[in-house]
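Shown next: input01.cif, containing mmCIF, C-alpha atoms and all ligand atoms.
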data_model
#
loop_
_atom_site.group_PDB
_atom_site.id
_atom_site.type_symbol
_atom_site.label_atom_id
_atom_site.label_comp_id
_atom_site.auth_asym_id
_atom_site.auth_seq_id
_atom_site.Cartn_x
_atom_site.Cartn_y
_atom_site.Cartn_z
ATOM 1 C CA MET A 968 -9.529 12.880 -7.592
ATOM 2 C CA PRO A 969 -6.795 12.849 -4.991
ATOM 3 C CA GLN A 970 -3.222 11.971 -5.572
ATOM 4 C CA ILE A 971 -0.815 11.393 -2.774
ATOM 5 C CA ASP A 972 1.957 13.886 -2.121
ATOM 6 C CA TRP A 973 5.038 12.035 -1.026
ATOM 7 C CA THR A 974 6.049 14.251 1.896
ATOM 8 C CA PRO A 975 8.868 13.874 4.443
ATOM 9 C CA ASP A 976 6.408 13.125 7.254
ATOM 10 C CA MET A 977 5.476 9.915 5.422
ATOM 11 C CA HIS A 978 8.938 8.445 6.039
ATOM 12 C CA ILE A 979 8.917 5.837 8.780
ATOM 13 C CA GLY A 980 12.710 5.891 9.146
ATOM 14 C CA VAL A 981 13.442 2.432 7.737
ATOM 15 C CA ALA A 982 15.175 2.867 4.364
ATOM 16 C CA GLU A 983 13.976 -0.343 2.717
ATOM 17 C CA ILE A 984 10.338 0.277 3.655
ATOM 18 C CA ASP A 985 10.449 3.987 2.819
ATOM 19 C CA ALA A 986 11.791 3.221 -0.657
ATOM 20 C CA GLN A 987 8.968 0.745 -1.236
ATOM 21 C CA HIS A 988 6.364 3.215 0.056
ATOM 22 C CA GLU A 989 7.656 5.890 -2.281
ATOM 23 C CA LYS A 990 7.567 3.529 -5.245
ATOM 24 C CA LEU A 991 4.042 2.316 -4.419
ATOM 25 C CA THR A 992 2.833 5.885 -3.919
ATOM 26 C CA GLY A 993 4.101 6.676 -7.420
ATOM 27 C CA MET A 994 2.287 3.643 -8.823
ATOM 28 C CA ILE A 995 -0.998 4.624 -7.120
ATOM 29 C CA ASN A 996 -0.635 8.159 -8.466
ATOM 30 C CA ALA A 997 0.065 6.801 -11.965
ATOM 31 C CA LEU A 998 -3.168 4.797 -11.769
ATOM 32 C CA CYS A 999 -5.137 7.871 -10.675
ATOM 33 C CA TYR A 1000 -3.652 10.039 -13.434
ATOM 34 C CA ALA A 1001 -4.317 7.429 -16.106
ATOM 35 C CA TYR A 1002 -7.906 7.084 -14.891
ATOM 36 C CA MET A 1003 -8.387 10.853 -14.906
ATOM 37 C CA ASP A 1004 -7.029 10.969 -18.447
ATOM 38 C CA GLY A 1005 -9.805 8.606 -19.441
ATOM 39 C CA LYS A 1006 -7.442 5.789 -20.338
ATOM 40 C CA GLU A 1007 -8.944 2.464 -21.332
ATOM 41 C CA ARG A 1008 -8.721 -0.853 -19.557
ATOM 42 C CA GLU A 1009 -5.815 -1.850 -21.834
ATOM 43 C CA VAL A 1010 -3.718 0.992 -20.429
ATOM 44 C CA LEU A 1011 -4.884 0.650 -16.829
ATOM 45 C CA SER A 1012 -4.484 -3.129 -16.618
ATOM 46 C CA PRO A 1013 -0.664 -3.299 -16.668
ATOM 47 C CA ILE A 1014 -0.512 -0.543 -14.027
ATOM 48 C CA ILE A 1015 -2.946 -2.484 -11.845
ATOM 49 C CA ASN A 1016 -1.087 -5.769 -12.287
ATOM 50 C CA GLU A 1017 2.157 -4.092 -11.334
ATOM 51 C CA LEU A 1018 0.488 -2.505 -8.294
ATOM 52 C CA HIS A 1019 -0.828 -5.906 -7.210
ATOM 53 C CA ASP A 1020 2.587 -7.569 -7.520
ATOM 54 C CA TYR A 1021 4.481 -4.808 -5.789
ATOM 55 C CA ALA A 1022 1.932 -4.407 -2.964
ATOM 56 C CA HIS A 1023 2.232 -8.131 -2.293
ATOM 57 C CA TYR A 1024 6.023 -7.850 -2.262
ATOM 58 C CA HIS A 1025 5.869 -4.829 0.047
ATOM 59 C CA PHE A 1026 3.533 -6.432 2.581
ATOM 60 C CA THR A 1027 5.775 -9.500 2.633
ATOM 61 C CA THR A 1028 8.744 -7.237 3.405
ATOM 62 C CA GLU A 1029 6.954 -5.577 6.325
ATOM 63 C CA GLU A 1030 5.778 -8.927 7.668
ATOM 64 C CA LYS A 1031 9.386 -10.174 7.561
ATOM 65 C CA TYR A 1032 10.375 -7.261 9.827
ATOM 66 C CA MET A 1033 7.444 -8.020 12.158
ATOM 67 C CA LYS A 1034 8.471 -11.656 12.504
ATOM 68 C CA GLN A 1035 12.052 -10.649 13.283
ATOM 69 C CA LEU A 1036 10.780 -8.359 16.049
ATOM 70 C CA GLY A 1037 8.854 -11.220 17.620
ATOM 71 C CA GLU A 1038 7.353 -10.249 20.982
ATOM 72 C CA ARG A 1039 8.788 -6.747 20.739
ATOM 73 C CA TYR A 1040 6.032 -5.969 18.234
ATOM 74 C CA ASP A 1041 2.635 -6.871 19.660
ATOM 75 C CA PHE A 1042 0.529 -5.552 16.771
ATOM 76 C CA ILE A 1043 1.447 -8.174 14.196
ATOM 77 C CA GLU A 1044 -1.974 -9.819 13.831
ATOM 78 C CA GLN A 1045 -3.793 -6.504 13.505
ATOM 79 C CA HIS A 1046 -1.213 -5.217 11.033
ATOM 80 C CA ARG A 1047 -1.391 -8.356 8.900
ATOM 81 C CA ALA A 1048 -5.196 -8.101 8.963
ATOM 82 C CA LYS A 1049 -4.940 -4.544 7.612
ATOM 83 C CA HIS A 1050 -2.827 -5.777 4.704
ATOM 84 C CA GLY A 1051 -5.394 -8.493 4.046
ATOM 85 C CA GLU A 1052 -8.134 -5.862 4.095
ATOM 86 C CA PHE A 1053 -6.310 -3.836 1.425
ATOM 87 C CA PHE A 1054 -6.233 -6.869 -0.832
ATOM 88 C CA SER A 1055 -9.835 -7.844 -0.219
ATOM 89 C CA THR A 1056 -11.269 -4.347 -0.640
ATOM 90 C CA VAL A 1057 -9.051 -2.728 -3.275
ATOM 91 C CA ILE A 1058 -6.770 -5.141 -5.094
ATOM 92 C CA ASP A 1059 -9.375 -7.855 -5.634
ATOM 93 C CA PHE A 1060 -11.738 -5.280 -7.114
ATOM 94 C CA LEU A 1061 -9.009 -3.924 -9.398
ATOM 95 C CA LEU A 1062 -8.139 -7.433 -10.593
ATOM 96 C CA ARG A 1063 -11.778 -8.131 -11.390
ATOM 97 C CA TYR A 1064 -11.752 -4.956 -13.451
ATOM 98 C CA VAL A 1065 -8.593 -6.127 -15.257
ATOM 99 C CA SER A 1066 -10.150 -9.503 -16.016
ATOM 100 C CA GLY A 1067 -13.012 -7.757 -17.790
ATOM 101 C CA GLU A 1068 -15.732 -8.690 -15.339
ATOM 102 C CA ASP A 1069 -18.692 -6.402 -15.099
ATOM 103 C CA THR A 1070 -17.004 -3.753 -12.993
ATOM 104 C CA GLU A 1071 -15.957 -0.194 -13.593
ATOM 105 C CA LEU A 1072 -13.389 1.902 -11.803
ATOM 106 C CA THR A 1073 -14.946 4.761 -9.903
ATOM 107 C CA PRO A 1074 -13.604 7.911 -8.255
ATOM 108 C CA GLU A 1075 -14.924 6.500 -4.961
ATOM 109 C CA LEU A 1076 -12.774 3.395 -5.246
ATOM 110 C CA LEU A 1077 -9.682 5.448 -6.062
ATOM 111 C CA ASP A 1078 -10.475 7.835 -3.184
ATOM 112 C CA TYR A 1079 -10.710 4.846 -0.889
ATOM 113 C CA LEU A 1080 -7.402 3.515 -2.233
ATOM 114 C CA THR A 1081 -5.481 6.763 -1.725
ATOM 115 C CA ASP A 1082 -7.023 7.420 1.726
ATOM 116 C CA TRP A 1083 -6.294 3.871 2.857
ATOM 117 C CA TRP A 1084 -2.717 4.078 1.641
ATOM 118 C CA ARG A 1085 -1.921 7.381 3.331
ATOM 119 C CA ASP A 1086 -3.704 6.476 6.586
ATOM 120 C CA HIS A 1087 -1.961 3.108 6.733
ATOM 121 C CA ILE A 1088 1.503 4.619 6.345
ATOM 122 C CA MET A 1089 0.783 7.441 8.791
ATOM 123 C CA GLY A 1090 -0.722 5.099 11.375
ATOM 124 C CA VAL A 1091 0.156 1.433 11.480
ATOM 125 C CA ASP A 1092 3.387 1.614 9.452
ATOM 126 C CA GLN A 1093 4.701 4.568 11.479
ATOM 127 C CA GLY A 1094 4.109 2.478 14.602
ATOM 128 C CA LEU A 1095 6.083 -0.403 13.117
ATOM 129 C CA GLY A 1096 8.905 1.956 12.099
ATOM 130 C CA GLU A 1097 9.168 3.269 15.656
ATOM 131 C CA VAL A 1098 9.672 -0.236 17.052
ATOM 132 C CA ILE A 1099 12.203 -1.193 14.347
ATOM 133 C CA ARG A 1100 14.208 1.989 14.963
ATOM 134 C CA ARG A 1101 14.132 1.483 18.750
ATOM 135 C CA VAL A 1102 15.385 -2.090 18.411
ATOM 136 C CA GLU A 1103 18.037 -1.175 15.825
ATOM 137 C CA SER A 1104 19.381 1.597 18.043
ATOM 138 C CA GLY A 1105 19.836 -0.980 20.798
ATOM 139 C CA GLU A 1106 17.284 0.359 23.261
HETATM 140 FE FE FE B 1201 3.645 -0.233 4.241
HETATM 141 FE FE FE B 1202 1.826 -2.026 6.622
#
Spell out the structure here as structure tokens.
Ligand SMILES: [Fe+2]
Ligand SMILES: [Fe+2]
Amino acid sequence: MPQIDWTPDMHIGVAEIDAQHEKLTGMINALCYAYMDGKEREVLSPIINELHDYAHYHFTTEEKYMKQLGERYDFIEQHRAKHGEFFSTVIDFLLRYVSGEDTELTPELLDYLTDWWRDHIMGVDQGLGEVIRRVESGE
């Protein structure tokens, strides 16, 4: 079961977004640890609800930056679609689990979650950070 090491190369150079990424990485790790400890739905549910709320808040923050960049960031639709994909593949499943529907958490789902999270930061979010930093430095 992977956890995510929060390493310096995961910073995208935008303080507000980096702080949110670090917090969300901690929340994802907490979910993985609790699952590995064999914790019950009652323990996992508040962690999942908090992850849902904060992921929504975080994506809204990034999309606010994208809108401010306007035409200087030409990847907005693809980036927003990636955020939507995270909700439709991971968060929706986790919420169904919380609601007691006939679903179980699996190592595969948590692998997918941690891989998606790391790949998204190292790919799409790094690209966004580059544009924000270029614009903020007045280039
Ligand atoms: Fe992000
Ligand atoms: Fe993103």
If we count all atoms listed in the file, what is near Gln987 (chain A) at a cut-off of 10 Å, once residues fewer than 2 positions away on the same chain are taken out, given as a ChimeraX atom specification?
/A:982-985,989-993,1021-1022,1024-1026,1028
Target residues per the PyMOL selection byres (((chain A and resi 1046) around 12) and not hetatm), formatted as a PyMOL selection string:
chain A and resi 1026-1027+1029-1030+1032-1034+1040-1045+1047-1053+1087-1088+1090-1095
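Among the candidate residues A:Arg1039, A:His978, A:Arg1100, A:His988, the one lying nearest to ligand FE 1202 (chain B) is A:His988, with distances computed using only C-alpha atoms and all ligand atoms.
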Excluding same-chain residues fewer than 4 positions from Val1065 (chain A), what lies within 8 Å of it counting only C-alpha atoms, as a list in words?
Arg1008, Leu1011, Ser1012, Ile1015 and Leu1061 of chain A
Could you state the separation of CA of Glu1097 (chain A) and CA of His1019 (chain A) in Å, given to one decimal place?
26.6 Å
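Ranking A:Trp1084, A:Glu1007, A:Met1089, A:Ile1014 by their shortest atom-to-atom distance to Gly1067 (chain A), with only C-alpha atoms included, puts A:Glu1007 first.
When only C-alpha atoms and all ligand atoms are used to compute distances to ligand FE 1202 (chain B), the closest of the residues A:Leu1072, A:Ile979, A:Ala997, A:Leu1080 turns out to be A:Ile979.
CA of Pro975 (chain A) sits 25.3 Å away from CA of Asp1020 (chain A).
Take CA of Ala986 (chain A) and CA of Asp972 (chain A): the distance between them is 14.6 Å.
In terms of minimum interatomic distance to ligand FE 1202 (chain B), A:Gly1096 ranks closest within A:Gly1105, A:Gly1037, A:Gly1096, A:Gly980, counting all atoms listed in the file.
Nearest residue to Leu998 (chain A), choosing from A:Glu1071, A:Leu1062, A:Arg1101, A:Val1010 and counting all atoms listed in the file: A:Val1010.
Considering all atoms listed in the file, the residue among A:Tyr1064, A:His1023, A:Asp1082, A:Leu1076 positioned nearest to ligand FE 1202 (chain B) is A:His1023.
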